[in-house]
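**Student:** One structure, pasted below without further comment.
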Amino acid sequence: MKMEIRRYQSSDLKEIETLFYQTVHRVNRADYREEQLDAWADGRIDENAWDRSFQEHITLVAVKDGRIAGFGDMDRTGYLDRLYVHWEEQRKGIASALCDRLEQEAASERIVTHASITAKPFFEKRGYRVVKEQEVIRKGVALTNYVMEKRGGFAGRIFLEGKDNDHL
């Protein structure tokens, strides 16, 4: 199957909102309790805030078979904010493809992310190292995650829409 990676559009938000909720509740279930999953993703995001941050960040969407299979976003300082892949598309290279593109576009010598227990092994395989384990509070519920970083060698080049590199 051919997958396209393209820039985020505001019209993607509803599908991303559903993907986010389902992925958290299905994929992260092995590492977090139900109350933690509900605190993390309760099905009600602040759509205006998410859209605004996606517009301000480098935000990429992976589209496969006409639906969004994953998304990721990074701010201009190199903070990798969100990286989620549809629960039915796990372990098919989508997160790696999105992360590759985001890292290539980084204008920073250091990329930082806050990785879940579930995502930590993925980032470790990509050369990220744990800076610290932390507990964050969401809606009064504690969740463990890891501040992780990767240093050096990022191209800092922006891919242009419509070029061959938009397709994997």
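By order in the structure tokens, chains are A, B, ...; within a chain, residues start at 1; ligands start at 1, following the order shown.
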Find the residues near Leu37 of chain A: any atom within 8 Å, counting only C-alpha atoms, skip ones fewer than 6 places away on the same chain, and give them as a PyMOL selection string.
**Tutor:** chain A and resi 24-25+28-29
**Student:** Enumerate, in order of chain and increasing residue number, the residues of segment 19-70 of chain A with an atom no farther than 12 Å from segment 103-126 of chain A, each with its shortest atom pair and distance in Å to one decimal, counting only C-alpha atoms, as JSON lines.
**Tutor:**
```
{"residue": "A:Thr23", "atom": "CA", "partner": "A:Thr118", "partner_atom": "CA", "distance": 11.3}
{"residue": "A:Val24", "atom": "CA", "partner": "A:Thr118", "partner_atom": "CA", "distance": 9.8}
{"residue": "A:His25", "atom": "CA", "partner": "A:Thr118", "partner_atom": "CA", "distance": 11.8}
{"residue": "A:Arg26", "atom": "CA", "partner": "A:Thr118", "partner_atom": "CA", "distance": 11.3}
{"residue": "A:Val27", "atom": "CA", "partner": "A:Thr118", "partner_atom": "CA", "distance": 7.9}
{"residue": "A:Asn28", "atom": "CA", "partner": "A:Thr118", "partner_atom": "CA", "distance": 6.0}
{"residue": "A:Arg29", "atom": "CA", "partner": "A:Thr118", "partner_atom": "CA", "distance": 9.0}
{"residue": "A:Ala30", "atom": "CA", "partner": "A:Thr118", "partner_atom": "CA", "distance": 7.9}
{"residue": "A:Asp31", "atom": "CA", "partner": "A:Thr118", "partner_atom": "CA", "distance": 6.3}
{"residue": "A:Tyr32", "atom": "CA", "partner": "A:Ile117", "partner_atom": "CA", "distance": 8.3}
{"residue": "A:Gln36", "atom": "CA", "partner": "A:Ser116", "partner_atom": "CA", "distance": 11.7}
{"residue": "A:Leu37", "atom": "CA", "partner": "A:Ser116", "partner_atom": "CA", "distance": 11.4}
{"residue": "A:Trp40", "atom": "CA", "partner": "A:Ser116", "partner_atom": "CA", "distance": 10.7}
{"residue": "A:His57", "atom": "CA", "partner": "A:Ala106", "partner_atom": "CA", "distance": 10.7}
{"residue": "A:Ile58", "atom": "CA", "partner": "A:Glu105", "partner_atom": "CA", "distance": 7.9}
{"residue": "A:Thr59", "atom": "CA", "partner": "A:Glu105", "partner_atom": "CA", "distance": 10.4}
{"residue": "A:Leu60", "atom": "CA", "partner": "A:Glu105", "partner_atom": "CA", "distance": 10.8}
```
**Student:** Next, dump the selected residues to file, keeping only N, CA, C and O atoms, as a PDB file, in the first residue's frame.
**Tutor:**
```pdb
ATOM      1  N   THR A  23      -6.317   5.435  19.800  1.00  0.00           N
ATOM      2  CA  THR A  23      -4.957   4.941  19.953  1.00  0.00           C
ATOM      3  C   THR A  23      -4.566   4.900  21.424  1.00  0.00           C
ATOM      4  O   THR A  23      -4.032   3.892  21.901  1.00  0.00           O
ATOM      5  N   VAL A  24      -4.802   5.977  22.140  1.00  0.00           N
ATOM      6  CA  VAL A  24      -4.464   6.003  23.567  1.00  0.00           C
ATOM      7  C   VAL A  24      -5.174   4.862  24.290  1.00  0.00           C
ATOM      8  O   VAL A  24      -4.565   4.108  25.047  1.00  0.00           O
ATOM      9  N   HIS A  25      -6.461   4.699  24.025  1.00  0.00           N
ATOM     10  CA  HIS A  25      -7.250   3.715  24.767  1.00  0.00           C
ATOM     11  C   HIS A  25      -7.001   2.273  24.336  1.00  0.00           C
ATOM     12  O   HIS A  25      -7.229   1.357  25.127  1.00  0.00           O
ATOM     13  N   ARG A  26      -6.513   2.050  23.141  1.00  0.00           N
ATOM     14  CA  ARG A  26      -6.261   0.675  22.691  1.00  0.00           C
ATOM     15  C   ARG A  26      -4.790   0.281  22.792  1.00  0.00           C
ATOM     16  O   ARG A  26      -4.477  -0.834  23.189  1.00  0.00           O
ATOM     17  N   VAL A  27      -3.901   1.177  22.413  1.00  0.00           N
ATOM     18  CA  VAL A  27      -2.469   0.842  22.358  1.00  0.00           C
ATOM     19  C   VAL A  27      -1.798   0.981  23.724  1.00  0.00           C
ATOM     20  O   VAL A  27      -0.970   0.165  24.097  1.00  0.00           O
ATOM     21  N   ASN A  28      -2.157   2.008  24.470  1.00  0.00           N
ATOM     22  CA  ASN A  28      -1.491   2.277  25.742  1.00  0.00           C
ATOM     23  C   ASN A  28      -2.107   1.525  26.922  1.00  0.00           C
ATOM     24  O   ASN A  28      -1.615   1.619  28.039  1.00  0.00           O
ATOM     25  N   ARG A  29      -3.115   0.749  26.657  1.00  0.00           N
ATOM     26  CA  ARG A  29      -3.824  -0.015  27.685  1.00  0.00           C
ATOM     27  C   ARG A  29      -2.908  -0.959  28.459  1.00  0.00           C
ATOM     28  O   ARG A  29      -3.111  -1.187  29.652  1.00  0.00           O
ATOM     29  N   ALA A  30      -1.891  -1.484  27.830  1.00  0.00           N
ATOM     30  CA  ALA A  30      -0.978  -2.433  28.498  1.00  0.00           C
ATOM     31  C   ALA A  30      -0.117  -1.749  29.564  1.00  0.00           C
ATOM     32  O   ALA A  30       0.369  -2.414  30.475  1.00  0.00           O
ATOM     33  N   ASP A  31       0.071  -0.436  29.440  1.00  0.00           N
ATOM     34  CA  ASP A  31       0.998   0.276  30.318  1.00  0.00           C
ATOM     35  C   ASP A  31       0.335   1.258  31.283  1.00  0.00           C
ATOM     36  O   ASP A  31       1.016   1.784  32.174  1.00  0.00           O
ATOM     37  N   TYR A  32      -0.937   1.525  31.083  1.00  0.00           N
ATOM     38  CA  TYR A  32      -1.637   2.513  31.910  1.00  0.00           C
ATOM     39  C   TYR A  32      -2.997   1.961  32.337  1.00  0.00           C
ATOM     40  O   TYR A  32      -3.642   1.225  31.586  1.00  0.00           O
ATOM     41  N   GLN A  36      -6.105   6.395  34.083  1.00  0.00           N
ATOM     42  CA  GLN A  36      -5.023   7.161  33.465  1.00  0.00           C
ATOM     43  C   GLN A  36      -5.323   7.414  31.992  1.00  0.00           C
ATOM     44  O   GLN A  36      -5.093   8.520  31.488  1.00  0.00           O
ATOM     45  N   LEU A  37      -5.838   6.410  31.301  1.00  0.00           N
ATOM     46  CA  LEU A  37      -6.203   6.576  29.887  1.00  0.00           C
ATOM     47  C   LEU A  37      -7.282   7.635  29.732  1.00  0.00           C
ATOM     48  O   LEU A  37      -7.219   8.475  28.822  1.00  0.00           O
ATOM     49  N   TRP A  40      -5.781  11.067  30.184  1.00  0.00           N
ATOM     50  CA  TRP A  40      -4.940  11.405  29.044  1.00  0.00           C
ATOM     51  C   TRP A  40      -5.795  11.778  27.838  1.00  0.00           C
ATOM     52  O   TRP A  40      -5.536  12.776  27.163  1.00  0.00           O
ATOM     53  N   HIS A  57       3.091  24.567  14.430  1.00  0.00           N
ATOM     54  CA  HIS A  57       4.160  23.555  14.413  1.00  0.00           C
ATOM     55  C   HIS A  57       4.372  23.002  13.006  1.00  0.00           C
ATOM     56  O   HIS A  57       3.578  23.236  12.106  1.00  0.00           O
ATOM     57  N   ILE A  58       5.433  22.238  12.855  1.00  0.00           N
ATOM     58  CA  ILE A  58       5.600  21.389  11.683  1.00  0.00           C
ATOM     59  C   ILE A  58       4.712  20.184  11.970  1.00  0.00           C
ATOM     60  O   ILE A  58       4.998  19.389  12.867  1.00  0.00           O
ATOM     61  N   THR A  59       3.608  20.071  11.273  1.00  0.00           N
ATOM     62  CA  THR A  59       2.650  18.994  11.534  1.00  0.00           C
ATOM     63  C   THR A  59       2.432  18.198  10.265  1.00  0.00           C
ATOM     64  O   THR A  59       2.085  18.750   9.223  1.00  0.00           O
ATOM     65  N   LEU A  60       2.669  16.900  10.384  1.00  0.00           N
ATOM     66  CA  LEU A  60       2.558  15.997   9.252  1.00  0.00           C
ATOM     67  C   LEU A  60       1.495  14.948   9.521  1.00  0.00           C
ATOM     68  O   LEU A  60       1.300  14.513  10.655  1.00  0.00           O
TER      69      LEU A  60
END
```
**Student:** From segment 1-164 of chain A, collect each residue whose DSSP state is strand (DSSP E or B) and return the set as a ChimeraX atom specification.
**Tutor:** /A:3-7,58-64,67-74,79-85,110-116,129-138,141-151
**Student:** I'd like the neighbourhood of Arg91 of chain A as a PyMOL selection string, where a residue qualifies if any of its atoms comes within 12 Å (using only C-alpha atoms), though same-chain residues fewer than 5 positions away should be ignored.
**Tutor:** chain A and resi 27+69-70+84-86+96-97+119+122
**Student:** For N, CA and C atoms, I'd like the residues from the last selection saved as a short mmCIF file (atom, residue, chain, number, x, y, z; two decimals), in the first residue's frame.
**Tutor:**
```
data_model
loop_
_atom_site.label_atom_id
_atom_site.label_comp_id
_atom_site.auth_asym_id
_atom_site.auth_seq_id
_atom_site.Cartn_x
_atom_site.Cartn_y
_atom_site.Cartn_z
N VAL A 27 -3.90 1.18 22.41
CA VAL A 27 -2.47 0.84 22.36
C VAL A 27 -1.80 0.98 23.72
N ALA A 69 -3.65 7.64 8.90
CA ALA A 69 -3.06 6.49 9.58
C ALA A 69 -2.16 6.92 10.73
N GLY A 70 -1.80 8.19 10.75
CA GLY A 70 -0.96 8.70 11.83
C GLY A 70 -0.71 10.18 11.65
N TYR A 84 1.30 9.93 16.94
CA TYR A 84 0.31 8.88 17.16
C TYR A 84 0.01 8.17 15.84
N VAL A 85 -0.15 6.86 15.92
CA VAL A 85 -0.49 6.04 14.77
C VAL A 85 -1.76 5.28 15.09
N HIS A 86 -2.65 5.22 14.12
CA HIS A 86 -3.92 4.52 14.27
C HIS A 86 -3.68 3.14 14.85
N SER A 96 7.76 5.61 12.25
CA SER A 96 9.14 5.84 11.80
C SER A 96 9.19 6.82 10.64
N ALA A 97 8.28 6.66 9.69
CA ALA A 97 8.26 7.57 8.53
C ALA A 97 7.94 9.00 8.96
N ALA A 119 5.66 4.25 24.31
CA ALA A 119 6.47 4.78 23.21
C ALA A 119 7.98 4.77 23.49
N PHE A 122 10.27 2.60 21.27
CA PHE A 122 10.33 3.12 19.90
C PHE A 122 11.39 4.22 19.80
#
```
**Student:** Would you kindly return, as a PyMOL selection string, each protein, DNA or RNA residue with an atom no farther than 10 Å from any atom of Ala142 of chain A, considering only C-alpha atoms and excluding same-chain residues fewer than 5 positions away?
**Tutor:** chain A and resi 35-36+39-40+134-137
**Student:** Go ahead and dump the residues you just picked, all heavy atoms, as a PDB file, in the first residue's frame.
**Tutor:**
```pdb
ATOM      1  N   GLU A  35      -8.240   4.676  34.440  1.00  0.00           N
ATOM      2  CA  GLU A  35      -8.387   6.070  34.884  1.00  0.00           C
ATOM      3  C   GLU A  35      -7.287   6.953  34.301  1.00  0.00           C
ATOM      4  O   GLU A  35      -7.512   8.126  34.013  1.00  0.00           O
ATOM      5  CB  GLU A  35      -8.419   6.173  36.409  1.00  0.00           C
ATOM      6  CG  GLU A  35      -7.090   5.972  37.079  1.00  0.00           C
ATOM      7  CD  GLU A  35      -7.105   6.289  38.573  1.00  0.00           C
ATOM      8  OE1 GLU A  35      -7.939   7.091  39.025  1.00  0.00           O
ATOM      9  OE2 GLU A  35      -6.257   5.736  39.271  1.00  0.00           O
ATOM     10  N   GLN A  36      -6.105   6.395  34.083  1.00  0.00           N
ATOM     11  CA  GLN A  36      -5.023   7.161  33.465  1.00  0.00           C
ATOM     12  C   GLN A  36      -5.323   7.414  31.992  1.00  0.00           C
ATOM     13  O   GLN A  36      -5.093   8.520  31.488  1.00  0.00           O
ATOM     14  CB  GLN A  36      -3.693   6.416  33.615  1.00  0.00           C
ATOM     15  CG  GLN A  36      -3.198   6.357  35.048  1.00  0.00           C
ATOM     16  CD  GLN A  36      -1.972   5.486  35.188  1.00  0.00           C
ATOM     17  OE1 GLN A  36      -1.940   4.349  34.712  1.00  0.00           O
ATOM     18  NE2 GLN A  36      -0.950   6.019  35.855  1.00  0.00           N
ATOM     19  N   ALA A  39      -7.861  10.140  31.753  1.00  0.00           N
ATOM     20  CA  ALA A  39      -7.287  11.462  32.040  1.00  0.00           C
ATOM     21  C   ALA A  39      -6.472  11.972  30.859  1.00  0.00           C
ATOM     22  O   ALA A  39      -6.456  13.165  30.561  1.00  0.00           O
ATOM     23  CB  ALA A  39      -6.421  11.388  33.302  1.00  0.00           C
ATOM     24  N   TRP A  40      -5.781  11.067  30.184  1.00  0.00           N
ATOM     25  CA  TRP A  40      -4.940  11.405  29.044  1.00  0.00           C
ATOM     26  C   TRP A  40      -5.795  11.778  27.838  1.00  0.00           C
ATOM     27  O   TRP A  40      -5.536  12.776  27.163  1.00  0.00           O
ATOM     28  CB  TRP A  40      -4.070  10.196  28.749  1.00  0.00           C
ATOM     29  CG  TRP A  40      -3.070  10.270  27.652  1.00  0.00           C
ATOM     30  CD1 TRP A  40      -2.880  11.249  26.731  1.00  0.00           C
ATOM     31  CD2 TRP A  40      -2.085   9.273  27.369  1.00  0.00           C
ATOM     32  NE1 TRP A  40      -1.849  10.921  25.886  1.00  0.00           N
ATOM     33  CE2 TRP A  40      -1.350   9.707  26.267  1.00  0.00           C
ATOM     34  CE3 TRP A  40      -1.772   8.039  27.945  1.00  0.00           C
ATOM     35  CZ2 TRP A  40      -0.307   8.954  25.719  1.00  0.00           C
ATOM     36  CZ3 TRP A  40      -0.745   7.304  27.407  1.00  0.00           C
ATOM     37  CH2 TRP A  40      -0.016   7.759  26.305  1.00  0.00           C
ATOM     38  N   GLN A 134       9.430  10.973  34.732  1.00  0.00           N
ATOM     39  CA  GLN A 134       8.656  11.964  35.470  1.00  0.00           C
ATOM     40  C   GLN A 134       7.212  11.507  35.612  1.00  0.00           C
ATOM     41  O   GLN A 134       6.755  10.632  34.881  1.00  0.00           O
ATOM     42  CB  GLN A 134       8.718  13.326  34.791  1.00  0.00           C
ATOM     43  CG  GLN A 134       8.084  13.362  33.416  1.00  0.00           C
ATOM     44  CD  GLN A 134       8.221  14.718  32.747  1.00  0.00           C
ATOM     45  OE1 GLN A 134       8.883  15.624  33.248  1.00  0.00           O
ATOM     46  NE2 GLN A 134       7.597  14.878  31.600  1.00  0.00           N
ATOM     47  N   GLU A 135       6.541  12.127  36.557  1.00  0.00           N
ATOM     48  CA  GLU A 135       5.117  11.938  36.744  1.00  0.00           C
ATOM     49  C   GLU A 135       4.440  13.233  36.391  1.00  0.00           C
ATOM     50  O   GLU A 135       4.802  14.285  36.919  1.00  0.00           O
ATOM     51  CB  GLU A 135       4.821  11.565  38.203  1.00  0.00           C
ATOM     52  CG  GLU A 135       4.158  10.247  38.340  1.00  0.00           C
ATOM     53  CD  GLU A 135       3.787   9.924  39.780  1.00  0.00           C
ATOM     54  OE1 GLU A 135       3.417  10.819  40.567  1.00  0.00           O
ATOM     55  OE2 GLU A 135       3.868   8.739  40.091  1.00  0.00           O
ATOM     56  N   VAL A 136       3.483  13.166  35.469  1.00  0.00           N
ATOM     57  CA  VAL A 136       2.701  14.349  35.122  1.00  0.00           C
ATOM     58  C   VAL A 136       1.281  14.138  35.626  1.00  0.00           C
ATOM     59  O   VAL A 136       0.807  13.001  35.703  1.00  0.00           O
ATOM     60  CB  VAL A 136       2.718  14.637  33.602  1.00  0.00           C
ATOM     61  CG1 VAL A 136       4.113  14.996  33.136  1.00  0.00           C
ATOM     62  CG2 VAL A 136       2.190  13.463  32.803  1.00  0.00           C
ATOM     63  N   ILE A 137       0.630  15.214  35.981  1.00  0.00           N
ATOM     64  CA  ILE A 137      -0.731  15.134  36.498  1.00  0.00           C
ATOM     65  C   ILE A 137      -1.685  15.639  35.418  1.00  0.00           C
ATOM     66  O   ILE A 137      -1.541  16.754  34.921  1.00  0.00           O
ATOM     67  CB  ILE A 137      -0.891  15.977  37.787  1.00  0.00           C
ATOM     68  CG1 ILE A 137       0.150  15.581  38.833  1.00  0.00           C
ATOM     69  CG2 ILE A 137      -2.319  15.850  38.321  1.00  0.00           C
ATOM     70  CD1 ILE A 137       0.081  14.152  39.302  1.00  0.00           C
TER      71      ILE A 137
END
```
**Student:** Can you pull out the residues contacting Asn48 of chain A? Cut-off 12 Å, using only C-alpha atoms, and skip same-chain residues under 4 positions away; I want them as number ranges by chain.
**Tutor:** A: 10, 13-14, 17, 44, 52-55
**Student:** Export C-alpha atoms of the chosen residues as a PDB file, in the first residue's frame?
**Tutor:**
```
ATOM      1  CA  SER A  10      -7.571  22.048   9.595  1.00  0.00           C
ATOM      2  CA  LEU A  13      -8.753  17.686  12.968  1.00  0.00           C
ATOM      3  CA  LYS A  14     -11.905  15.604  13.551  1.00  0.00           C
ATOM      4  CA  GLU A  17      -9.236  13.624  17.357  1.00  0.00           C
ATOM      5  CA  ARG A  44     -12.919  16.054  24.373  1.00  0.00           C
ATOM      6  CA  ARG A  52      -3.711  26.480  16.409  1.00  0.00           C
ATOM      7  CA  SER A  53      -0.752  24.440  17.666  1.00  0.00           C
ATOM      8  CA  PHE A  54      -0.826  22.188  14.577  1.00  0.00           C
ATOM      9  CA  GLN A  55      -0.787  25.318  12.388  1.00  0.00           C
TER      10      GLN A  55
END
```
**Student:** Per DSSP on the backbone, filter segment 70-142 of chain A down to the residues in helix (DSSP H, G or I) and report them as a list of chain:residue names.
**Tutor:** A:Trp87, A:Glu88, A:Glu89, A:Ile94, A:Ala95, A:Ser96, A:Ala97, A:Leu98, A:Cys99, A:Asp100, A:Arg101, A:Leu102, A:Glu103, A:Gln104, A:Glu105, A:Lys120, A:Pro121, A:Phe122, A:Phe123, A:Glu124, A:Lys125
**Student:** Between A:Arg67, A:Lys139, A:Arg82, A:Arg151, which one has atoms that come closest to Phe20 of chain A, using only C-alpha atoms?
**Tutor:**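 Looking only at the distances to Phe20 of chain A, the closest residue turns out to be A:Arg82.
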**Student:** Of the candidates A:Leu143, A:Trp87, A:Cys99, A:Asp73, which one gets nearest to Glu34 of chain A if we count only C-alpha atoms?
**Tutor:** A:Leu143
**Student:** Within 7 Å of Val131 of chain A, counting only C-alpha atoms, which residues show up once you throw out same-chain ones fewer than 3 positions away? Write them as a PyMOL selection string, please.
**Tutor:** chain A and resi 147-149
**Student:** How would the residues just picked look written out with N, CA, C and O atoms as a PDB file, in the first residue's frame?
**Tutor:**
```pdb
ATOM      1  N   VAL A 147      11.131  12.138  29.719  1.00  0.00           N
ATOM      2  CA  VAL A 147      11.720  13.190  28.906  1.00  0.00           C
ATOM      3  C   VAL A 147      12.875  12.516  28.182  1.00  0.00           C
ATOM      4  O   VAL A 147      13.771  11.937  28.806  1.00  0.00           O
ATOM      5  N   MET A 148      12.832  12.545  26.844  1.00  0.00           N
ATOM      6  CA  MET A 148      13.853  11.888  26.035  1.00  0.00           C
ATOM      7  C   MET A 148      14.415  12.897  25.042  1.00  0.00           C
ATOM      8  O   MET A 148      13.711  13.821  24.620  1.00  0.00           O
ATOM      9  N   GLU A 149      15.671  12.699  24.664  1.00  0.00           N
ATOM     10  CA  GLU A 149      16.284  13.607  23.701  1.00  0.00           C
ATOM     11  C   GLU A 149      17.156  12.850  22.725  1.00  0.00           C
ATOM     12  O   GLU A 149      17.632  11.752  22.999  1.00  0.00           O
TER      13      GLU A 149
END
```
